[in-house]
Amino acid sequence: MLTSLFLSGILGGLLIQVQPQLISVCLEEDEDLRVDCRIEPKPNKINSYEFSWSSGTKEALINTNVSGSAAEAQFRDRSEVVELDPHGYRMTLKGFTNTLPHNTTYMCKISGQVESINVEKEQLQPCSAVSLFLKSSWSWIVPLLIFLFHTHC
């Protein structure tokens, strides 16, 4: 009884600290790079987006709908962005998997709010439901709940 109370307290404390990942990067089956940006837009603001990456000190704009900004020429015909439900955007970049820098910071900006993630080329995971689940900050909760369930049955 005391053990379950202790474990429940730890789990409750950890749940409070967990924040969902707002940006993720993965490789689709056809080797296209996919960046999902799930920033919730601010009310009464125009939904603008920018996707970019940086390696070292150079930042390259891949795709944007911001007036007055333009993606670099090498990305213009190779990237596309679709809106995600309930909020956010997905950028897909074709034909760059083999030339990706070793250590890259991927950034997205939606209505002025910026999120970024640093990914090494060798660490890129396939875009599958299982791999995205394992990357999420909630993935450790399920095994812990199963453990708690089995210890009390």
# chains A, B, ... in the order shown; residues from 1 in each chain; ligands from 1

$ closest_atom_pairs --of "region 46-137 of chain A" --to "region 20-25 of chain A" --cutoff "8 Å" --atoms "only C-alpha atoms" --output "CSV"
residue,atom,partner,partner_atom,distance
A:Tyr106,CA,A:Val25,CA,7.8
A:Cys108,CA,A:Ile23,CA,7.6
A:Glu115,CA,A:Ile23,CA,6.5
A:Ser116,CA,A:Ile23,CA,6.7
A:Ile117,CA,A:Ile23,CA,6.8
A:Val119,CA,A:Val25,CA,7.9
A:Leu124,CA,A:Val25,CA,7.2
A:Gln125,CA,A:Val25,CA,7.9
A:Ser136,CA,A:Gln21,CA,6.5
A:Ser137,CA,A:Pro20,CA,6.3

$ residues_around --residues "Leu61 (chain A)" --least-positions-apart "5" --cutoff "9 Å" --atoms "only C-alpha atoms" --output "PyMOL selection string"
chain A and resi 50-54+69-72+75

$ residues_around --residues "region 76-89 of chain A" --least-positions-apart "5" --cutoff "7 Å" --atoms "only C-alpha atoms" --output "list of chain:residue names"
A:Asp36, A:Cys37, A:Arg38, A:Ile39, A:Glu40, A:Asn63, A:Ala71, A:Lys94

$ write_last_selection --atoms "all heavy atoms" --output "CSV table (one decimal), in the first residue's frame"
chain,number,residue,atom,x,y,z
A,36,ASP,N,7.1,18.4,-38.6
A,36,ASP,CA,5.7,18.8,-38.1
A,36,ASP,C,5.9,19.8,-37.0
A,36,ASP,O,6.7,19.7,-36.1
A,36,ASP,CB,5.0,17.5,-37.5
A,36,ASP,CG,4.5,16.6,-38.5
A,36,ASP,OD1,4.6,16.9,-39.7
A,36,ASP,OD2,4.1,15.5,-38.1
A,37,CYS,N,5.2,20.9,-37.1
A,37,CYS,CA,5.2,22.0,-36.2
A,37,CYS,C,3.8,22.2,-35.6
A,37,CYS,O,2.9,22.6,-36.4
A,37,CYS,CB,5.7,23.2,-36.9
A,37,CYS,SG,6.0,24.6,-35.8
A,38,ARG,N,3.6,21.9,-34.4
A,38,ARG,CA,2.3,21.9,-33.8
A,38,ARG,C,2.1,23.1,-32.8
A,38,ARG,O,1.5,22.9,-31.7
A,38,ARG,CB,2.0,20.6,-33.1
A,38,ARG,CG,2.0,19.4,-34.1
A,38,ARG,CD,1.3,18.2,-33.5
A,38,ARG,NE,1.1,17.2,-34.5
A,38,ARG,CZ,0.1,17.1,-35.2
A,38,ARG,NH1,-0.9,17.9,-35.1
A,38,ARG,NH2,-0.1,16.1,-36.1
A,39,ILE,N,2.6,24.2,-33.2
A,39,ILE,CA,2.4,25.4,-32.4
A,39,ILE,C,1.0,25.9,-32.5
A,39,ILE,O,0.5,26.0,-33.7
A,39,ILE,CB,3.4,26.5,-32.8
A,39,ILE,CG1,4.8,26.1,-32.5
A,39,ILE,CG2,3.1,27.8,-32.1
A,39,ILE,CD1,5.9,27.1,-33.0
A,40,GLU,N,0.3,26.2,-31.4
A,40,GLU,CA,-1.0,26.6,-31.5
A,40,GLU,C,-1.0,28.1,-31.8
A,40,GLU,O,-0.3,28.9,-31.2
A,40,GLU,CB,-1.7,26.4,-30.2
A,40,GLU,CG,-3.2,26.5,-30.2
A,40,GLU,CD,-3.9,26.0,-29.0
A,40,GLU,OE1,-3.3,25.2,-28.2
A,40,GLU,OE2,-5.1,26.2,-28.8
A,63,ASN,N,10.7,27.2,-46.4
A,63,ASN,CA,9.4,27.5,-46.9
A,63,ASN,C,8.7,28.5,-46.0
A,63,ASN,O,8.9,28.5,-44.8
A,63,ASN,CB,8.6,26.2,-47.0
A,63,ASN,CG,7.4,26.3,-47.9
A,63,ASN,OD1,6.6,27.3,-47.8
A,63,ASN,ND2,7.2,25.3,-48.7
A,71,ALA,N,11.7,31.7,-49.7
A,71,ALA,CA,12.6,30.5,-49.4
A,71,ALA,C,13.8,30.6,-50.4
A,71,ALA,O,13.7,31.2,-51.4
A,71,ALA,CB,11.8,29.3,-49.7
A,94,LYS,N,11.7,17.4,-50.4
A,94,LYS,CA,12.0,16.3,-51.2
A,94,LYS,C,13.5,16.4,-51.8
A,94,LYS,O,13.9,17.5,-52.1
A,94,LYS,CB,11.1,16.3,-52.4
A,94,LYS,CG,9.6,16.1,-52.1
A,94,LYS,CD,8.7,16.2,-53.3
A,94,LYS,CE,7.3,16.2,-53.0
A,94,LYS,NZ,6.8,15.4,-51.9

$ residues_around --residues "Thr57 (chain A)" --least-positions-apart "5" --cutoff "12 Å" --atoms "only C-alpha atoms" --output "ChimeraX atom specification"
/A:103-105

$ closest_residue --among "A:Cys26, A:Tyr49, A:Pro43, A:Glu31" --to "Thr99 (chain A)" --atoms "only C-alpha atoms"
A:Glu31

$ atom_distance --atom1 "CA of Gln74 (chain A)" --atom2 "CA of Val114 (chain A)"
23.0 Å
